[in-house]
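Below is the file entry_16.pdb, which contains PDB, C-alpha atoms.
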```
ATOM      1  CA  MET V   1      18.326   7.893 -46.213
ATOM      2  CA  PRO V   2      19.997   4.567 -47.243
ATOM      3  CA  LEU V   3      23.731   4.517 -47.819
ATOM      4  CA  THR V   4      24.492   3.512 -51.460
ATOM      5  CA  ILE V   5      27.626   3.297 -53.547
ATOM      6  CA  SER V   6      27.293   4.863 -56.976
ATOM      7  CA  LYS V   7      29.310   3.908 -60.063
ATOM      8  CA  HIS V   8      30.130   7.579 -60.323
ATOM      9  CA  ASP V   9      31.845   7.606 -56.891
ATOM     10  CA  SER V  10      35.609   7.940 -56.816
ATOM     11  CA  PRO V  11      37.640   5.039 -55.319
ATOM     12  CA  GLU V  12      38.257   7.161 -52.180
ATOM     13  CA  LYS V  13      34.544   7.910 -51.839
ATOM     14  CA  LYS V  14      33.642   4.228 -52.254
ATOM     15  CA  LYS V  15      36.171   3.261 -49.573
ATOM     16  CA  GLU V  16      34.773   5.871 -47.161
ATOM     17  CA  LYS V  17      31.214   4.637 -47.709
ATOM     18  CA  GLU V  18      32.279   1.011 -47.149
ATOM     19  CA  LYS V  19      33.820   1.960 -43.798
ATOM     20  CA  MET V  20      30.672   3.815 -42.798
ATOM     21  CA  ALA V  21      28.487   0.854 -43.818
ATOM     22  CA  ASN V  22      30.620  -1.513 -41.716
ATOM     23  CA  LEU V  23      30.344   0.828 -38.724
ATOM     24  CA  ILE V  24      26.534   1.038 -39.057
ATOM     25  CA  ARG V  25      26.332  -2.756 -39.347
ATOM     26  CA  SER V  26      28.444  -3.196 -36.197
ATOM     27  CA  HIS V  27      26.191  -0.863 -34.205
ATOM     28  CA  ARG V  28      23.119  -2.692 -35.497
ATOM     29  CA  GLU V  29      24.578  -6.060 -34.431
ATOM     30  CA  ILE V  30      25.185  -4.691 -30.921
ATOM     31  CA  ASP V  31      21.570  -3.511 -30.741
ATOM     32  CA  LEU V  32      20.278  -6.937 -31.800
ATOM     33  CA  VAL V  33      22.483  -8.766 -29.305
ATOM     34  CA  ALA V  34      21.528  -6.345 -26.544
ATOM     35  CA  LYS V  35      17.833  -7.088 -27.013
ATOM     36  CA  GLY V  36      18.506 -10.797 -26.638
ATOM     37  CA  ILE V  37      20.610 -10.656 -23.477
ATOM     38  CA  GLU V  38      19.341  -7.495 -21.747
ATOM     39  CA  TYR V  39      22.668  -5.794 -22.441
ATOM     40  CA  LEU V  40      23.570  -2.764 -20.369
ATOM     41  CA  PRO V  41      26.731  -0.676 -20.443
ATOM     42  CA  ASP V  42      29.193  -1.366 -17.601
ATOM     43  CA  HIS V  43      28.486   1.904 -15.802
ATOM     44  CA  LYS V  44      24.748   1.126 -15.838
ATOM     45  CA  LYS V  45      25.351  -2.375 -14.470
ATOM     46  CA  LYS V  46      26.989  -0.911 -11.366
ATOM     47  CA  VAL V  47      23.994   1.278 -10.463
ATOM     48  CA  ASP V  48      22.291   0.155  -7.242
ATOM     49  CA  PHE V  49      18.540   0.212  -7.952
ATOM     50  CA  ILE V  50      17.789   0.875  -4.280
ATOM     51  CA  GLU V  51      20.035   3.945  -4.392
ATOM     52  CA  TYR V  52      18.391   4.988  -7.675
ATOM     53  CA  TYR V  53      14.928   4.648  -6.074
ATOM     54  CA  GLN V  54      16.035   6.747  -3.088
ATOM     55  CA  SER V  55      17.553   9.368  -5.383
ATOM     56  CA  PHE V  56      14.332   9.483  -7.404
ATOM     57  CA  LEU V  57      12.392  10.003  -4.188
ATOM     58  CA  SER V  58      14.667  12.740  -2.864
ATOM     59  CA  ASN V  59      14.292  14.713  -6.105
ATOM     60  CA  TYR V  60      10.556  14.072  -6.468
ATOM     61  CA  ASP V  61       8.405  17.060  -5.520
ATOM     62  CA  LYS V  62       4.887  16.203  -6.695
ATOM     63  CA  LYS V  63       1.818  15.884  -4.460
ATOM     64  CA  ASP V  64       2.000  12.095  -4.267
ATOM     65  CA  LYS V  65       5.559  12.078  -2.877
ATOM     66  CA  ARG V  66       4.384  10.485   0.381
ATOM     67  CA  MET V  67       2.791   7.631  -1.550
ATOM     68  CA  VAL V  68       5.975   7.157  -3.603
ATOM     69  CA  ARG V  69       7.873   6.865  -0.311
ATOM     70  CA  TYR V  70       5.406   4.302   1.056
ATOM     71  CA  SER V  71       5.657   2.281  -2.167
ATOM     72  CA  PHE V  72       9.445   2.257  -1.728
ATOM     73  CA  GLU V  73       9.074   1.009   1.857
ATOM     74  CA  LYS V  74       6.772  -1.793   0.721
ATOM     75  CA  PHE V  75       9.184  -2.665  -2.090
ATOM     76  CA  THR V  76      12.059  -3.076   0.378
ATOM     77  CA  ASP V  77       9.780  -5.182   2.611
ATOM     78  CA  PHE V  78       8.982  -7.326  -0.419
ATOM     79  CA  LEU V  79      12.660  -7.793  -1.311
ATOM     80  CA  LYS V  80      13.378  -8.870   2.256
ATOM     81  CA  SER V  81      10.475 -11.337   2.294
ATOM     82  CA  ARG V  82      11.724 -12.934  -0.950
ATOM     83  CA  ASN V  83      15.447 -12.842   0.000
ATOM     84  CA  LEU V  84      16.161 -10.886  -3.177
ATOM     85  CA  HIS V  85      18.440  -8.310  -1.634
ATOM     86  CA  ASN V  86      21.016  -8.215   1.086
ATOM     87  CA  HIS V  87      22.089  -4.753   2.124
ATOM     88  CA  LYS V  88      25.790  -5.558   1.716
ATOM     89  CA  GLN V  89      25.444  -5.839  -2.052
ATOM     90  CA  PRO V  90      23.871  -3.458  -4.599
ATOM     91  CA  LEU V  91      20.549  -4.470  -6.113
ATOM     92  CA  LYS V  92      21.397  -4.851  -9.804
ATOM     93  CA  ALA V  93      18.893  -3.728 -12.401
ATOM     94  CA  SER V  94      18.974  -7.225 -13.918
ATOM     95  CA  THR V  95      17.313  -8.499 -10.727
ATOM     96  CA  ILE V  96      14.172  -6.461 -11.462
ATOM     97  CA  THR V  97      12.593  -8.734 -14.057
ATOM     98  CA  ASN V  98       9.009  -8.857 -15.257
ATOM     99  CA  ALA V  99       8.438 -11.877 -13.005
ATOM    100  CA  VAL V 100       9.758 -10.007  -9.962
ATOM    101  CA  CYS V 101       7.507  -7.020 -10.714
ATOM    102  CA  GLU V 102       4.518  -9.347 -11.087
ATOM    103  CA  ASP V 103       5.416 -10.963  -7.762
ATOM    104  CA  PHE V 104       5.653  -7.533  -6.117
ATOM    105  CA  LYS V 105       2.150  -6.724  -7.398
ATOM    106  CA  GLU V 106       0.801  -9.926  -5.832
ATOM    107  CA  TYR V 107       2.671  -9.164  -2.599
ATOM    108  CA  LEU V 108       0.945  -5.771  -2.345
ATOM    109  CA  LYS V 109      -2.424  -7.518  -2.696
ATOM    110  CA  SER V 110      -1.610 -10.146  -0.046
ATOM    111  CA  ASP V 111      -2.408 -10.049   3.673
ATOM    112  CA  LYS V 112       1.320  -9.913   4.382
ATOM    113  CA  ALA V 113       1.528  -6.372   2.995
ATOM    114  CA  GLY V 114      -1.290  -5.275   5.316
ATOM    115  CA  LEU V 115      -2.898  -3.007   2.718
ATOM    116  CA  THR V 116      -6.571  -2.578   1.851
ATOM    117  CA  GLY V 117      -8.867  -0.877  -0.633
ATOM    118  CA  GLU V 118      -7.125   0.889  -3.507
ATOM    119  CA  THR V 119      -3.826   1.286  -1.620
ATOM    120  CA  PRO V 120      -2.071  -1.735  -3.233
ATOM    121  CA  GLN V 121      -2.938  -0.440  -6.699
ATOM    122  CA  ASN V 122      -1.816   3.093  -5.816
ATOM    123  CA  TYR V 123       1.527   1.847  -4.482
ATOM    124  CA  PHE V 124       2.161  -0.270  -7.569
ATOM    125  CA  ALA V 125       1.318   2.687  -9.831
ATOM    126  CA  ARG V 126       4.036   4.729  -8.064
ATOM    127  CA  PHE V 127       6.479   1.822  -8.369
ATOM    128  CA  LYS V 128       5.778   1.711 -12.118
ATOM    129  CA  LYS V 129       6.463   5.426 -12.303
ATOM    130  CA  VAL V 130       9.967   4.875 -10.878
ATOM    131  CA  ILE V 131      10.576   1.900 -13.192
ATOM    132  CA  LYS V 132       9.506   3.946 -16.210
ATOM    133  CA  GLN V 133      11.963   6.698 -15.360
ATOM    134  CA  ALA V 134      14.718   4.161 -14.707
ATOM    135  CA  THR V 135      14.060   2.663 -18.141
ATOM    136  CA  LEU V 136      14.332   6.120 -19.728
ATOM    137  CA  ASN V 137      17.617   6.594 -17.856
ATOM    138  CA  GLY V 138      18.945   3.360 -19.346
ATOM    139  CA  LEU V 139      18.876   1.088 -16.282
ATOM    140  CA  PHE V 140      16.622  -1.343 -18.151
ATOM    141  CA  ASN V 141      16.747  -2.305 -21.787
ATOM    142  CA  THR V 142      12.958  -2.759 -21.719
ATOM    143  CA  ASN V 143      10.474  -1.738 -19.043
ATOM    144  CA  PRO V 144      10.047  -4.802 -16.746
ATOM    145  CA  THR V 145       6.514  -3.735 -15.719
ATOM    146  CA  ASP V 146       5.192  -3.764 -19.294
ATOM    147  CA  GLY V 147       2.126  -5.952 -19.619
ATOM    148  CA  ILE V 148       1.424  -6.109 -15.879
ATOM    149  CA  ILE V 149      -2.164  -5.050 -15.176
ATOM    150  CA  PHE V 150      -3.476  -4.353 -11.703
ATOM    151  CA  GLN V 151      -7.109  -5.441 -11.712
ATOM    152  CA  ARG V 152      -9.478  -3.202  -9.761
ATOM    153  CA  GLY V 153     -11.800  -6.103  -9.067
ATOM    154  CA  GLY V 154     -14.727  -4.807 -11.171
ATOM    155  CA  ASN V 155     -17.875  -4.018  -9.214
ATOM    156  CA  LYS V 156     -17.043  -6.364  -6.373
ATOM    157  CA  PRO V 157     -18.170  -4.674  -3.096
ATOM    158  CA  THR V 158     -14.869  -5.228  -1.280
ATOM    159  CA  LEU V 159     -15.751  -2.847   1.550
ATOM    160  CA  LYS V 160     -18.498  -5.177   2.800
ATOM    161  CA  LYS V 161     -15.866  -7.722   3.818
ATOM    162  CA  GLN V 162     -13.889  -5.037   5.625
ATOM    163  CA  VAL V 163     -16.567  -3.519   7.852
ATOM    164  CA  LEU V 164     -18.015  -4.950  11.057
ATOM    165  CA  THR V 165     -21.559  -4.247  12.178
ATOM    166  CA  ILE V 166     -22.514  -3.447  15.777
ATOM    167  CA  HIS V 167     -23.945  -6.971  16.046
ATOM    168  CA  GLU V 168     -20.603  -8.445  14.900
ATOM    169  CA  LEU V 169     -18.650  -6.210  17.269
ATOM    170  CA  LYS V 170     -20.787  -7.517  20.119
ATOM    171  CA  LYS V 171     -20.054 -11.078  19.014
ATOM    172  CA  LEU V 172     -16.323 -10.345  19.053
ATOM    173  CA  ALA V 173     -16.564  -8.684  22.463
ATOM    174  CA  ASN V 174     -18.202 -11.843  23.807
ATOM    175  CA  THR V 175     -15.754 -14.244  22.105
ATOM    176  CA  GLU V 176     -12.455 -15.251  23.662
ATOM    177  CA  CYS V 177      -9.328 -14.274  21.745
ATOM    178  CA  GLY V 178      -5.972 -16.040  21.971
ATOM    179  CA  ASN V 179      -4.370 -12.738  22.916
ATOM    180  CA  ASN V 180      -6.509 -10.409  25.034
ATOM    181  CA  GLU V 181      -4.361  -7.369  24.181
ATOM    182  CA  VAL V 182      -5.058  -7.924  20.467
ATOM    183  CA  LYS V 183      -8.764  -8.137  21.288
ATOM    184  CA  ARG V 184      -8.764  -4.887  23.317
ATOM    185  CA  ALA V 185      -6.602  -3.042  20.791
ATOM    186  CA  PHE V 186      -8.661  -4.038  17.744
ATOM    187  CA  LEU V 187     -11.990  -3.190  19.352
ATOM    188  CA  PHE V 188     -10.493   0.139  20.465
ATOM    189  CA  ALA V 189      -9.478   0.769  16.826
ATOM    190  CA  CYS V 190     -13.101   0.134  15.790
ATOM    191  CA  PHE V 191     -14.225   2.948  18.108
ATOM    192  CA  THR V 192     -11.379   5.410  17.417
ATOM    193  CA  GLY V 193     -10.199   4.798  13.842
ATOM    194  CA  LEU V 194      -6.576   4.326  14.895
ATOM    195  CA  GLY V 195      -4.268   2.138  12.827
ATOM    196  CA  MET V 196      -1.946  -0.460  14.289
ATOM    197  CA  ALA V 197       1.034   1.915  14.262
ATOM    198  CA  GLU V 198      -0.831   4.483  16.390
ATOM    199  CA  ILE V 199      -2.293   1.825  18.711
ATOM    200  CA  LYS V 200       1.179   0.480  19.464
ATOM    201  CA  LYS V 201       2.508   3.920  20.386
ATOM    202  CA  ILE V 202      -0.226   5.544  22.460
ATOM    203  CA  THR V 203       0.550   5.978  26.141
ATOM    204  CA  TRP V 204      -1.669   7.111  28.994
ATOM    205  CA  LEU V 205      -0.349  10.602  28.363
ATOM    206  CA  ASN V 206      -2.444  10.541  25.149
ATOM    207  CA  ILE V 207      -5.629   9.947  27.167
ATOM    208  CA  ASP V 208      -6.742  13.198  28.777
ATOM    209  CA  ASP V 209     -10.168  13.884  30.314
ATOM    210  CA  GLU V 210     -11.921  11.168  28.269
ATOM    211  CA  LYS V 211     -10.255  12.432  25.102
ATOM    212  CA  LEU V 212      -7.724  10.793  22.797
ATOM    213  CA  ILE V 213      -4.981  13.205  21.722
ATOM    214  CA  THR V 214      -2.349  11.890  19.338
ATOM    215  CA  ARG V 215      -1.248  12.057  15.671
ATOM    216  CA  ARG V 216      -1.667   9.888  12.614
ATOM    217  CA  GLU V 217       1.519   7.912  12.053
ATOM    218  CA  LYS V 218       1.470   8.327   8.253
ATOM    219  CA  SER V 219       0.522  11.973   7.895
ATOM    220  CA  GLY V 220       1.342  13.504  11.276
ATOM    221  CA  ILE V 221      -2.140  15.084  11.373
ATOM    222  CA  ALA V 222      -3.449  15.737  14.884
ATOM    223  CA  ILE V 223      -6.197  13.541  16.348
ATOM    224  CA  ASN V 224      -8.349  14.986  19.125
ATOM    225  CA  ILE V 225     -11.569  13.058  19.716
ATOM    226  CA  LYS V 226     -13.887  12.440  22.634
ATOM    227  CA  LEU V 227     -13.945   8.748  23.482
ATOM    228  CA  SER V 228     -17.205   6.797  23.485
ATOM    229  CA  ILE V 229     -18.301   4.688  26.448
ATOM    230  CA  SER V 230     -17.162   1.528  24.620
ATOM    231  CA  ALA V 231     -13.716   3.008  23.946
ATOM    232  CA  LEU V 232     -13.330   4.136  27.567
ATOM    233  CA  THR V 233     -14.332   0.684  28.796
ATOM    234  CA  LEU V 234     -11.729  -0.945  26.566
ATOM    235  CA  LEU V 235      -8.992   1.242  28.086
ATOM    236  CA  GLY V 236      -9.284  -0.506  31.443
ATOM    237  CA  LYS V 237      -7.375   0.638  34.517
ATOM    238  CA  ARG V 238      -5.234   3.728  33.970
ATOM    239  CA  GLY V 239      -1.477   3.245  34.154
ATOM    240  CA  LYS V 240       1.506   5.578  34.448
ATOM    241  CA  ALA V 241       1.754   8.466  31.987
ATOM    242  CA  ASP V 242       4.622   6.946  29.984
ATOM    243  CA  GLU V 243       3.223   3.410  29.913
ATOM    244  CA  ASN V 244       1.717   1.996  26.727
ATOM    245  CA  VAL V 245      -2.054   1.613  26.854
ATOM    246  CA  PHE V 246      -1.845  -1.657  24.903
ATOM    247  CA  ASP V 247       0.914  -4.233  25.335
ATOM    248  CA  LEU V 248       1.433  -5.313  21.732
ATOM    249  CA  ALA V 249       5.013  -6.548  21.883
ATOM    250  CA  ILE V 250       4.345  -9.343  19.360
ATOM    251  CA  SER V 251       4.964  -9.020  15.613
ATOM    252  CA  ASP V 252       2.405  -7.673  13.141
ATOM    253  CA  THR V 253       2.163 -11.168  11.646
ATOM    254  CA  ALA V 254       1.299 -12.646  15.056
ATOM    255  CA  ILE V 255      -1.326  -9.931  15.578
ATOM    256  CA  SER V 256      -2.894 -10.753  12.206
ATOM    257  CA  LYS V 257      -2.992 -14.467  13.009
ATOM    258  CA  ASN V 258      -4.650 -13.844  16.385
ATOM    259  CA  LEU V 259      -7.192 -11.558  14.738
ATOM    260  CA  LYS V 260      -7.960 -14.065  11.988
ATOM    261  CA  HIS V 261      -8.535 -16.958  14.436
ATOM    262  CA  TRP V 262     -10.627 -14.757  16.722
ATOM    263  CA  VAL V 263     -12.931 -13.600  13.905
ATOM    264  CA  LYS V 264     -13.329 -17.196  12.735
ATOM    265  CA  LYS V 265     -14.085 -18.351  16.305
ATOM    266  CA  ALA V 266     -16.810 -15.682  16.527
ATOM    267  CA  GLU V 267     -18.297 -17.243  13.357
ATOM    268  CA  ILE V 268     -17.992 -14.038  11.358
ATOM    269  CA  ASP V 269     -17.509 -14.776   7.655
ATOM    270  CA  LYS V 270     -15.535 -11.679   6.734
ATOM    271  CA  SER V 271     -11.980 -10.962   5.671
ATOM    272  CA  ILE V 272     -10.827  -8.714   8.519
ATOM    273  CA  SER V 273      -7.404  -7.136   9.003
ATOM    274  CA  PHE V 274      -6.415  -4.743  11.782
ATOM    275  CA  TYR V 275      -6.894  -1.792   9.436
ATOM    276  CA  CYS V 276     -10.557  -2.785   9.058
ATOM    277  CA  GLY V 277     -11.102  -1.268  12.496
ATOM    278  CA  ARG V 278     -10.611   2.101  10.812
ATOM    279  CA  HIS V 279     -13.199   1.264   8.126
ATOM    280  CA  THR V 280     -15.624   0.150  10.818
ATOM    281  CA  TYR V 281     -15.157   3.374  12.786
ATOM    282  CA  ALA V 282     -15.922   5.542   9.741
ATOM    283  CA  VAL V 283     -19.084   3.607   8.910
ATOM    284  CA  LEU V 284     -20.256   3.697  12.544
ATOM    285  CA  LEU V 285     -19.860   7.484  12.586
ATOM    286  CA  LEU V 286     -21.852   7.936   9.377
ATOM    287  CA  MET V 287     -24.530   5.444  10.437
ATOM    288  CA  ASN V 288     -24.974   7.440  13.642
ATOM    289  CA  GLY V 289     -25.540  10.774  11.928
ATOM    290  CA  ALA V 290     -22.063  12.269  11.426
ATOM    291  CA  ASN V 291     -21.619  14.235   8.200
ATOM    292  CA  LEU V 292     -18.698  13.731   5.812
ATOM    293  CA  LYS V 293     -16.648  16.632   7.213
ATOM    294  CA  THR V 294     -17.085  15.450  10.804
ATOM    295  CA  CYS V 295     -16.124  11.919   9.813
ATOM    296  CA  ALA V 296     -13.045  13.105   7.904
ATOM    297  CA  ASP V 297     -11.916  15.254  10.861
ATOM    298  CA  ALA V 298     -12.409  12.393  13.323
ATOM    299  CA  MET V 299     -10.259  10.175  11.119
ATOM    300  CA  ALA V 300      -7.583  12.876  10.680
ATOM    301  CA  GLN V 301      -8.157  13.132   6.926
ATOM    302  CA  THR V 302      -7.393  16.450   5.244
ATOM    303  CA  SER V 303     -10.403  16.242   2.929
ATOM    304  CA  THR V 304     -13.595  14.246   2.405
ATOM    305  CA  GLN V 305     -12.256  12.719  -0.821
ATOM    306  CA  HIS V 306     -11.421   9.364   0.797
ATOM    307  CA  THR V 307     -14.384   9.486   3.187
ATOM    308  CA  ILE V 308     -16.911   9.368   0.347
ATOM    309  CA  LYS V 309     -16.362   5.630  -0.162
ATOM    310  CA  TYR V 310     -17.733   5.055   3.343
ATOM    311  CA  LEU V 311     -20.764   7.205   2.591
ATOM    312  CA  ASN V 312     -21.345   5.191  -0.581
ATOM    313  CA  TYR V 313     -21.205   2.012   1.497
ATOM    314  CA  VAL V 314     -23.702   3.402   4.016
ATOM    315  CA  ASP V 315     -26.002   4.456   1.172
ATOM    316  CA  SER V 316     -25.800   0.946  -0.277
ATOM    317  CA  LEU V 317     -26.888  -0.468   3.088
ATOM    318  CA  LYS V 318     -29.866   1.902   3.144
ATOM    319  CA  ASP V 319     -30.830   0.880  -0.399
ATOM    320  CA  GLU V 320     -30.573  -2.773   0.565
ATOM    321  CA  ALA V 321     -32.662  -2.229   3.701
ATOM    322  CA  THR V 322     -35.439  -0.313   1.933
ATOM    323  CA  SER V 323     -35.592  -2.768  -0.967
ATOM    324  CA  ASN V 324     -36.093  -5.605   1.521
ATOM    325  CA  LEU V 325     -39.056  -4.008   3.283
ATOM    326  CA  PRO V 326     -42.005  -6.468   3.400
ATOM    327  CA  ASN V 327     -44.627  -6.328   0.675
ATOM    328  CA  ILE V 328     -48.125  -5.637   2.080
ATOM    329  CA  PHE V 329     -49.879  -6.431  -1.211
TER     330      PHE V 329
END
```
Translate the structure of the given file into structure tokens.
Amino acid sequence: MPLTISKHDSPEKKKEKEKMANLIRSHREIDLVAKGIEYLPDHKKKVDFIEYYQSFLSNYDKKDKRMVRYSFEKFTDFLKSRNLHNHKQPLKASTITNAVCEDFKEYLKSDKAGLTGETPQNYFARFKKVIKQATLNGLFNTNPTDGIIFQRGGNKPTLKKQVLTIHELKKLANTECGNNEVKRAFLFACFTGLGMAEIKKITWLNIDDEKLITRREKSGIAINIKLSISALTLLGKRGKADENVFDLAISDTAISKNLKHWVKKAEIDKSISFYCGRHTYAVLLLMNGANLKTCADAMAQTSTQHTIKYLNYVDSLKDEATSNLPNIF
């Protein structure tokens, strides 16, 4: 209800209303100024956004907590790659602008982040969840992720560029790679579904009676699979129990570069990252008669929810093959 001064008001009442009107005007001026300069109270300015993110994570108890944690890890990697944060100083909320959030989205989609499929989008969605809560808590005057849209890529069949056929695997096996350990490790991933983190850690103790026994790095789920002839061949001569099976002492970036040059040298026109070995393994299993449950178990997945995309890919290959059968009429 608007504040008005009536001719019937007493002098004292008029004076009181004038004071109140001046107070309201002052508060309104502060609001207008704040919107123009991203004003935050002093105690909000001192909040370290990294500490806020960690606090959010420690108090978060929903099913996607693991993904929120991974998004935080990728965010800190991003900050480091852009020199936006040094650990000696707090990360001020004013640093997290719309442009920075947009850049983080592009980082998640880049090869440098090492993510594939819907993972970049899922990580950014969790990041936005934290930003939204931080905005509600007053760390931001306006939500810096507003207006940022993560495109799914429409109907583009992205999986086709991430899966190698048996013919292409043979081409890679017969093509020299700049780093032979990268070659062995990647081909082993294509026949076991291991990610780079697991490949780097497995020792000969994990190889027992032609079986691979280890755990997924992300989930801790046990892996116990019988190795194929190709996988056993790639192992080479057995070493000591505590020795690493693959000597991958170089950085992840160097591994990616070796892989990229090797694939190009083999004249394979596909966008392949190390994680694509896992995609290839799933498709090979399904193409060779494994059902969804068997495939999910072999890949140490708790359900077939994520395995279905591989089945859809295999089905698309079958449709393509049958539609291209020769016409006899």
Result set of the PyMOL selection byres ((chain V and resi 287) around 12) on the coordinates above, as a tab-separated table (two decimals) with C-alpha atoms, in the coordinates of the input:
```
chain	number	residue	atom	x	y	z
V	165	THR	CA	-21.56	-4.25	12.18
V	166	ILE	CA	-22.51	-3.45	15.78
V	280	THR	CA	-15.62	0.15	10.82
V	281	TYR	CA	-15.16	3.37	12.79
V	282	ALA	CA	-15.92	5.54	9.74
V	283	VAL	CA	-19.08	3.61	8.91
V	284	LEU	CA	-20.26	3.70	12.54
V	285	LEU	CA	-19.86	7.48	12.59
V	286	LEU	CA	-21.85	7.94	9.38
V	288	ASN	CA	-24.97	7.44	13.64
V	289	GLY	CA	-25.54	10.77	11.93
V	290	ALA	CA	-22.06	12.27	11.43
V	291	ASN	CA	-21.62	14.24	8.20
V	292	LEU	CA	-18.70	13.73	5.81
V	295	CYS	CA	-16.12	11.92	9.81
V	310	TYR	CA	-17.73	5.06	3.34
V	311	LEU	CA	-20.76	7.20	2.59
V	312	ASN	CA	-21.34	5.19	-0.58
V	313	TYR	CA	-21.20	2.01	1.50
V	314	VAL	CA	-23.70	3.40	4.02
V	315	ASP	CA	-26.00	4.46	1.17
V	316	SER	CA	-25.80	0.95	-0.28
V	317	LEU	CA	-26.89	-0.47	3.09
V	318	LYS	CA	-29.87	1.90	3.14
```
(message) I need the output of the PyMOL selection byres ((chain V and resi 243) around 12) for this file as an MDAnalysis selection string; which residues are they?
(response) chainID V and resid 200:207 237:242 244:247
(message) For the PyMOL selection byres ((chain V and resi 57) around 12), applied here, can you spell out every residue it catches as a PyMOL selection string?
(response) chain V and resi 50-56+58-62+64-73+126-127+129-130+133
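Among V:Cys177, V:Ala99, V:Leu79, V:Leu139, the residue with the shortest atom-to-atom distance to Asp48 of chain V, counting all atoms listed in the file, is V:Leu139.
Taking atom CA of Asp252 of chain V as the reference point, atom CA of Ala113 of chain V is found at 10.3 Å.
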(message) If we count all atoms listed in the file and set the cut-off at 6 Å, which residues sit around Ala300 of chain V, ignoring sequence neighbours fewer than 2 positions away in its own chain? Please answer as a ChimeraX atom specification.
(response) /V:221,223,297-298
